[in-house]
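Undergrad: One structure, pasted below without further comment.
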Amino acid sequence: MKLTIRKRTLGNIPLLEVVPTKQRNEKLPLIIYYHGWQSVKELNLTQARYLAREGFRVLLPDAVNHGERKQPVSNIPSLTFFQSIHSNLFEFGFIIDHFRKIGFVDDVIGVGGTSMGGITTCALLTHHPEIKAAACLMGSPKLLAYQERIVKHATRLKRHLPEDYFDLLSWIPNYDLSLRPETLQGRPLYIWHGTQDQIVPYDHVAAFAEEQKNTPNIYFMDEEEEHLVKTSTMHDVATFFVNELL
């Protein structure tokens with residue numbers, strides 16, 4: 001199948017649109033797929049191609065501070081990281097609204113992401129019931145626990161943290177899926193994580209899966225891998241979205 005890759009700029013959001021060429025101007029199921037920390041949208045093109053070949057319109061945005069929006073990382077621990085996630089949350093509805101206005105999407109919407117993009121995905125599920133299915137790879141639904149991990153690390157290294165650090169990031173508990181699992185409302189969530197991941201803790205994700213073992217439609221997969229997604233996993237993600245959205 002021939003695919004078209006279009007570069008778009010929505011406001012100040014640069015993104016790539018990957019879509020079957022013959023259907024590029026038709027209404028299709030839409031998937032927004034978010035990249036990881038200090039990564040770029042282009043590195044998700046392989047995943048996007050697998051999805052587009054199945055009949056999806058796939059959007060790959062650059063997060064704030066990344067890719068075409070690259071900015072230096074702040075010396076204040078996690079400021080740039082959480083700012084990037086927060087901006088993804090702000091911009092999600094803007095992206096969906098644009099593609100609805102031009103007639104390219106209706107109510108079949110999926111979201112996925114790797115690492116920071118997986119964290120974004122889980123956070124979006126807490127506030128966007130229009131998302132029908134989601135995939136989190138190497139991310140975490142335990143956003144507050146991840147924040148606390150960063151604080152412990154920064155404290156150990158004697159890095160400066162504002163005294164009102166938790167107040168400045170007070171939005172985090174409201175977007176922590178592990179604290180608000182009822183917002184899933186039975187929607188399918190595919191989670192993949194490497195057991196040897198040293199960047200986003202495996203035990204956070206495994207704990208969530210155990211806590212939600214009686215929650216329907218959560219598919220938790222792990223492998224003896226580090227912080228790396230293989231092409232076989234990308235194929236599995238495509239199969240998941242085919243089964244849940246088409």
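Labels for the structure tokens follow display order: chains A, B, ..., residues from 1 in each chain, ligands from 1.
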Could you pull out the residues in region 23-217 of chain A that DSSP calls alpha helix (DSSP H) from the backbone, as a PyMOL selection string?
TA: chain A and resi 45-52+79-101+116-125+143-156+165-168+202-211
Undergrad: Using 7 Å as the limit and counting only C-alpha atoms, can you tabulate each residue of region 118-181 of chain A that touches region 186-192 of chain A, with its shortest atom-to-atom distance in Å and the two atoms involved, as CSV?
TA:
```
residue,atom,partner,partner_atom,distance
A:Lys132,CA,A:Arg187,CA,6.2
A:Ala133,CA,A:Pro188,CA,4.9
A:Ala134,CA,A:Leu189,CA,4.9
A:Ala135,CA,A:Tyr190,CA,4.6
A:Cys136,CA,A:Ile191,CA,4.9
A:Leu137,CA,A:Trp192,CA,4.8
A:Met138,CA,A:Trp192,CA,6.2
```
Undergrad: Give the answer as one residue: which of A:Arg49, A:Lys27, A:Lys22, A:His204 has the shortest atom-to-atom distance to Thr231 (chain A), using only C-alpha atoms?
TA: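 Of the candidates, the smallest distance to Thr231 (chain A) is held by A:Arg49.
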Undergrad: Mind pulling up the distance from CA of Ser84 (chain A) to CA of Glu224 (chain A)?
TA: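 Going from CA of Glu224 (chain A) over to CA of Ser84 (chain A), I get 28.8 Å.
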Undergrad: Excluding region 106-115 of chain A and any residue of its chain fewer than 5 positions from it, enumerate the residues within 10 Å of it, using only C-alpha atoms, and give them as a PDB file with N, CA and C atoms, in the first residue's frame.
TA:
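Heads up, here's the output in out-v5.pdb:
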```
ATOM      1  N   LYS A  27     -12.539  10.611   5.319  1.00  0.00           N
ATOM      2  CA  LYS A  27     -12.687  10.500   6.766  1.00  0.00           C
ATOM      3  C   LYS A  27     -12.215   9.115   7.186  1.00  0.00           C
ATOM      4  N   LEU A  28     -11.228   9.067   8.088  1.00  0.00           N
ATOM      5  CA  LEU A  28     -10.634   7.805   8.526  1.00  0.00           C
ATOM      6  C   LEU A  28     -10.523   7.768  10.048  1.00  0.00           C
ATOM      7  N   PRO A  29     -10.428   6.565  10.619  1.00  0.00           N
ATOM      8  CA  PRO A  29     -10.090   6.485  12.046  1.00  0.00           C
ATOM      9  C   PRO A  29      -8.750   7.179  12.291  1.00  0.00           C
ATOM     10  N   LEU A  30      -8.678   7.941  13.373  1.00  0.00           N
ATOM     11  CA  LEU A  30      -7.510   8.784  13.633  1.00  0.00           C
ATOM     12  C   LEU A  30      -6.742   8.289  14.852  1.00  0.00           C
ATOM     13  N   ILE A  31      -5.423   8.257  14.742  1.00  0.00           N
ATOM     14  CA  ILE A  31      -4.567   7.938  15.882  1.00  0.00           C
ATOM     15  C   ILE A  31      -3.511   9.037  16.014  1.00  0.00           C
ATOM     16  N   ILE A  32      -3.421   9.618  17.196  1.00  0.00           N
ATOM     17  CA  ILE A  32      -2.328  10.536  17.504  1.00  0.00           C
ATOM     18  C   ILE A  32      -1.294   9.749  18.295  1.00  0.00           C
ATOM     19  N   TYR A  33      -0.047   9.803  17.838  1.00  0.00           N
ATOM     20  CA  TYR A  33       1.009   9.011  18.471  1.00  0.00           C
ATOM     21  C   TYR A  33       2.134   9.947  18.911  1.00  0.00           C
ATOM     22  N   TYR A  34       2.429   9.921  20.218  1.00  0.00           N
ATOM     23  CA  TYR A  34       3.360  10.871  20.824  1.00  0.00           C
ATOM     24  C   TYR A  34       4.748  10.257  21.038  1.00  0.00           C
ATOM     25  N   HIS A  35       5.780  11.052  20.770  1.00  0.00           N
ATOM     26  CA  HIS A  35       7.164  10.596  20.941  1.00  0.00           C
ATOM     27  C   HIS A  35       7.623  10.741  22.389  1.00  0.00           C
ATOM     28  N   GLY A  36       8.842  10.273  22.650  1.00  0.00           N
ATOM     29  CA  GLY A  36       9.397  10.280  23.989  1.00  0.00           C
ATOM     30  C   GLY A  36      10.252  11.495  24.292  1.00  0.00           C
ATOM     31  N   TRP A  37      10.772  11.509  25.518  1.00  0.00           N
ATOM     32  CA  TRP A  37      11.624  12.586  26.016  1.00  0.00           C
ATOM     33  C   TRP A  37      12.882  12.714  25.171  1.00  0.00           C
ATOM     34  N   SER A  39      13.207  13.083  22.163  1.00  0.00           N
ATOM     35  CA  SER A  39      13.059  12.423  20.869  1.00  0.00           C
ATOM     36  C   SER A  39      12.385  13.398  19.903  1.00  0.00           C
ATOM     37  N   ASN A  44       8.978   8.110  15.198  1.00  0.00           N
ATOM     38  CA  ASN A  44       7.794   7.253  15.282  1.00  0.00           C
ATOM     39  C   ASN A  44       7.211   6.927  13.911  1.00  0.00           C
ATOM     40  N   GLN A  47       6.316   3.129  13.350  1.00  0.00           N
ATOM     41  CA  GLN A  47       5.034   2.789  13.957  1.00  0.00           C
ATOM     42  C   GLN A  47       3.875   3.379  13.171  1.00  0.00           C
ATOM     43  N   PHE A  56      -5.535   3.650   9.009  1.00  0.00           N
ATOM     44  CA  PHE A  56      -5.645   4.766   9.946  1.00  0.00           C
ATOM     45  C   PHE A  56      -4.984   6.021   9.383  1.00  0.00           C
ATOM     46  N   ARG A  57      -5.504   7.170   9.803  1.00  0.00           N
ATOM     47  CA  ARG A  57      -4.793   8.428   9.626  1.00  0.00           C
ATOM     48  C   ARG A  57      -4.003   8.648  10.920  1.00  0.00           C
ATOM     49  N   VAL A  58      -2.683   8.766  10.794  1.00  0.00           N
ATOM     50  CA  VAL A  58      -1.827   8.841  11.964  1.00  0.00           C
ATOM     51  C   VAL A  58      -1.155  10.209  12.028  1.00  0.00           C
ATOM     52  N   LEU A  59      -1.204  10.822  13.194  1.00  0.00           N
ATOM     53  CA  LEU A  59      -0.596  12.133  13.404  1.00  0.00           C
ATOM     54  C   LEU A  59       0.550  12.008  14.400  1.00  0.00           C
ATOM     55  N   LEU A  60       1.686  12.584  14.040  1.00  0.00           N
ATOM     56  CA  LEU A  60       2.869  12.565  14.888  1.00  0.00           C
ATOM     57  C   LEU A  60       3.270  14.002  15.201  1.00  0.00           C
ATOM     58  N   PHE A  92      -3.928  18.547  22.639  1.00  0.00           N
ATOM     59  CA  PHE A  92      -4.661  17.399  22.090  1.00  0.00           C
ATOM     60  C   PHE A  92      -5.994  17.812  21.471  1.00  0.00           C
ATOM     61  N   ILE A  96      -7.417  17.597  17.462  1.00  0.00           N
ATOM     62  CA  ILE A  96      -8.636  16.871  17.094  1.00  0.00           C
ATOM     63  C   ILE A  96      -9.642  17.810  16.437  1.00  0.00           C
ATOM     64  N   PHE A  99      -8.863  18.585  12.723  1.00  0.00           N
ATOM     65  CA  PHE A  99      -9.131  17.515  11.763  1.00  0.00           C
ATOM     66  C   PHE A  99     -10.619  17.194  11.659  1.00  0.00           C
ATOM     67  N   ARG A 100     -11.374  17.512  12.687  1.00  0.00           N
ATOM     68  CA  ARG A 100     -12.830  17.404  12.561  1.00  0.00           C
ATOM     69  C   ARG A 100     -13.374  18.495  11.640  1.00  0.00           C
ATOM     70  N   LYS A 101     -12.842  19.696  11.780  1.00  0.00           N
ATOM     71  CA  LYS A 101     -13.334  20.812  10.968  1.00  0.00           C
ATOM     72  C   LYS A 101     -13.076  20.600   9.486  1.00  0.00           C
ATOM     73  N   THR A 120       1.966  10.685  28.443  1.00  0.00           N
ATOM     74  CA  THR A 120       0.952  11.582  27.896  1.00  0.00           C
ATOM     75  C   THR A 120      -0.337  10.837  27.601  1.00  0.00           C
ATOM     76  N   THR A 121      -0.201   9.659  26.988  1.00  0.00           N
ATOM     77  CA  THR A 121      -1.369   8.853  26.618  1.00  0.00           C
ATOM     78  C   THR A 121      -2.219   8.518  27.830  1.00  0.00           C
ATOM     79  N   CYS A 122      -1.587   8.020  28.888  1.00  0.00           N
ATOM     80  CA  CYS A 122      -2.329   7.656  30.097  1.00  0.00           C
ATOM     81  C   CYS A 122      -2.986   8.879  30.724  1.00  0.00           C
ATOM     82  N   LEU A 124      -4.017  11.594  29.171  1.00  0.00           N
ATOM     83  CA  LEU A 124      -5.150  12.011  28.340  1.00  0.00           C
ATOM     84  C   LEU A 124      -6.402  11.189  28.631  1.00  0.00           C
ATOM     85  N   LEU A 125      -6.230   9.925  28.956  1.00  0.00           N
ATOM     86  CA  LEU A 125      -7.382   9.056  29.205  1.00  0.00           C
ATOM     87  C   LEU A 125      -8.221   9.532  30.382  1.00  0.00           C
ATOM     88  N   PRO A 129     -12.997  11.199  27.167  1.00  0.00           N
ATOM     89  CA  PRO A 129     -13.768   9.988  26.860  1.00  0.00           C
ATOM     90  C   PRO A 129     -13.918   9.729  25.368  1.00  0.00           C
ATOM     91  N   GLU A 130     -13.603  10.730  24.549  1.00  0.00           N
ATOM     92  CA  GLU A 130     -13.689  10.523  23.095  1.00  0.00           C
ATOM     93  C   GLU A 130     -12.591   9.597  22.579  1.00  0.00           C
ATOM     94  N   ILE A 131     -11.562   9.362  23.379  1.00  0.00           N
ATOM     95  CA  ILE A 131     -10.524   8.397  23.009  1.00  0.00           C
ATOM     96  C   ILE A 131     -11.110   6.997  23.173  1.00  0.00           C
ATOM     97  N   LYS A 132     -11.126   6.225  22.102  1.00  0.00           N
ATOM     98  CA  LYS A 132     -11.762   4.901  22.122  1.00  0.00           C
ATOM     99  C   LYS A 132     -10.799   3.784  22.524  1.00  0.00           C
ATOM    100  N   ALA A 133      -9.523   3.955  22.270  1.00  0.00           N
ATOM    101  CA  ALA A 133      -8.518   2.955  22.624  1.00  0.00           C
ATOM    102  C   ALA A 133      -7.165   3.641  22.701  1.00  0.00           C
ATOM    103  N   ALA A 134      -6.254   3.064  23.509  1.00  0.00           N
ATOM    104  CA  ALA A 134      -4.958   3.715  23.719  1.00  0.00           C
ATOM    105  C   ALA A 134      -3.868   2.678  23.932  1.00  0.00           C
ATOM    106  N   ALA A 135      -2.640   3.079  23.584  1.00  0.00           N
ATOM    107  CA  ALA A 135      -1.474   2.204  23.744  1.00  0.00           C
ATOM    108  C   ALA A 135      -0.347   2.979  24.412  1.00  0.00           C
ATOM    109  N   CYS A 136       0.154   2.432  25.508  1.00  0.00           N
ATOM    110  CA  CYS A 136       1.241   3.046  26.275  1.00  0.00           C
ATOM    111  C   CYS A 136       2.445   2.128  26.235  1.00  0.00           C
ATOM    112  N   LEU A 137       3.513   2.563  25.576  1.00  0.00           N
ATOM    113  CA  LEU A 137       4.740   1.774  25.485  1.00  0.00           C
ATOM    114  C   LEU A 137       5.847   2.471  26.270  1.00  0.00           C
ATOM    115  N   MET A 138       6.389   1.793  27.225  1.00  0.00           N
ATOM    116  CA  MET A 138       7.493   2.318  28.045  1.00  0.00           C
ATOM    117  C   MET A 138       7.120   3.587  28.792  1.00  0.00           C
ATOM    118  N   GLY A 139       5.822   3.837  28.948  1.00  0.00           N
ATOM    119  CA  GLY A 139       5.360   4.998  29.690  1.00  0.00           C
ATOM    120  C   GLY A 139       4.895   4.582  31.066  1.00  0.00           C
ATOM    121  N   SER A 140       4.017   5.370  31.656  1.00  0.00           N
ATOM    122  CA  SER A 140       3.525   5.022  32.986  1.00  0.00           C
ATOM    123  C   SER A 140       2.187   5.686  33.263  1.00  0.00           C
ATOM    124  N   PRO A 188     -10.310   0.030  25.927  1.00  0.00           N
ATOM    125  CA  PRO A 188      -9.113  -0.809  25.778  1.00  0.00           C
ATOM    126  C   PRO A 188      -7.822   0.001  25.949  1.00  0.00           C
ATOM    127  N   LEU A 189      -6.922  -0.544  26.769  1.00  0.00           N
ATOM    128  CA  LEU A 189      -5.615   0.068  26.995  1.00  0.00           C
ATOM    129  C   LEU A 189      -4.547  -1.011  26.871  1.00  0.00           C
ATOM    130  N   TYR A 190      -3.662  -0.851  25.912  1.00  0.00           N
ATOM    131  CA  TYR A 190      -2.544  -1.771  25.695  1.00  0.00           C
ATOM    132  C   TYR A 190      -1.307  -1.165  26.358  1.00  0.00           C
ATOM    133  N   ILE A 191      -0.668  -1.937  27.220  1.00  0.00           N
ATOM    134  CA  ILE A 191       0.530  -1.468  27.922  1.00  0.00           C
ATOM    135  C   ILE A 191       1.670  -2.443  27.642  1.00  0.00           C
ATOM    136  N   TRP A 192       2.790  -1.915  27.186  1.00  0.00           N
ATOM    137  CA  TRP A 192       3.996  -2.734  26.999  1.00  0.00           C
ATOM    138  C   TRP A 192       5.151  -2.079  27.749  1.00  0.00           C
ATOM    139  N   HIS A 193       5.953  -2.928  28.432  1.00  0.00           N
ATOM    140  CA  HIS A 193       7.093  -2.379  29.175  1.00  0.00           C
ATOM    141  C   HIS A 193       8.192  -3.420  29.277  1.00  0.00           C
ATOM    142  N   ILE A 199      14.761   3.703  32.949  1.00  0.00           N
ATOM    143  CA  ILE A 199      14.372   5.106  32.751  1.00  0.00           C
ATOM    144  C   ILE A 199      12.962   5.364  33.271  1.00  0.00           C
ATOM    145  N   VAL A 200      12.007   4.605  32.800  1.00  0.00           N
ATOM    146  CA  VAL A 200      10.650   4.647  33.339  1.00  0.00           C
ATOM    147  C   VAL A 200      10.445   3.331  34.083  1.00  0.00           C
ATOM    148  N   HIS A 227      14.935   0.083  27.748  1.00  0.00           N
ATOM    149  CA  HIS A 227      14.065   1.167  27.280  1.00  0.00           C
ATOM    150  C   HIS A 227      14.146   1.249  25.757  1.00  0.00           C
ATOM    151  N   LEU A 228      13.541   0.267  25.113  1.00  0.00           N
ATOM    152  CA  LEU A 228      13.621   0.156  23.659  1.00  0.00           C
ATOM    153  C   LEU A 228      12.427  -0.633  23.146  1.00  0.00           C
ATOM    154  N   VAL A 229      11.794  -0.121  22.084  1.00  0.00           N
ATOM    155  CA  VAL A 229      10.656  -0.800  21.463  1.00  0.00           C
ATOM    156  C   VAL A 229      11.107  -1.465  20.167  1.00  0.00           C
ATOM    157  N   VAL A 237       1.141  -3.431  18.372  1.00  0.00           N
ATOM    158  CA  VAL A 237       0.357  -2.214  18.612  1.00  0.00           C
ATOM    159  C   VAL A 237      -0.623  -1.981  17.464  1.00  0.00           C
ATOM    160  N   PHE A 241      -4.827  -1.853  17.678  1.00  0.00           N
ATOM    161  CA  PHE A 241      -5.716  -0.789  17.204  1.00  0.00           C
ATOM    162  C   PHE A 241      -6.675  -1.288  16.119  1.00  0.00           C
ATOM    163  N   GLU A 244      -9.469  -3.023  17.958  1.00  0.00           N
ATOM    164  CA  GLU A 244     -10.291  -2.189  18.835  1.00  0.00           C
ATOM    165  C   GLU A 244     -10.982  -1.016  18.144  1.00  0.00           C
ATOM    166  N   LEU A 245     -10.450  -0.588  16.992  1.00  0.00           N
ATOM    167  CA  LEU A 245     -11.007   0.619  16.354  1.00  0.00           C
ATOM    168  C   LEU A 245     -11.639   0.387  14.992  1.00  0.00           C
ATOM    169  N   LEU A 246     -11.281  -0.703  14.320  1.00  0.00           N
ATOM    170  CA  LEU A 246     -11.817  -0.910  12.963  1.00  0.00           C
ATOM    171  C   LEU A 246     -13.003  -1.868  12.980  1.00  0.00           C
TER     172      LEU A 246
END
```
Undergrad: Could you check which of A:Glu210, A:Glu148, A:Glu42, A:Glu68 is closest to Pro173 (chain A), using only C-alpha atoms?
TA: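 Of all the options, A:Glu148 lies closest to Pro173 (chain A).
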Undergrad: State, in Å with one decimal place, the distance from CA of Val19 (chain A) to CA of Thr4 (chain A).
TA: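 We find that CA of Val19 (chain A) and CA of Thr4 (chain A) lie 5.4 Å from each other.
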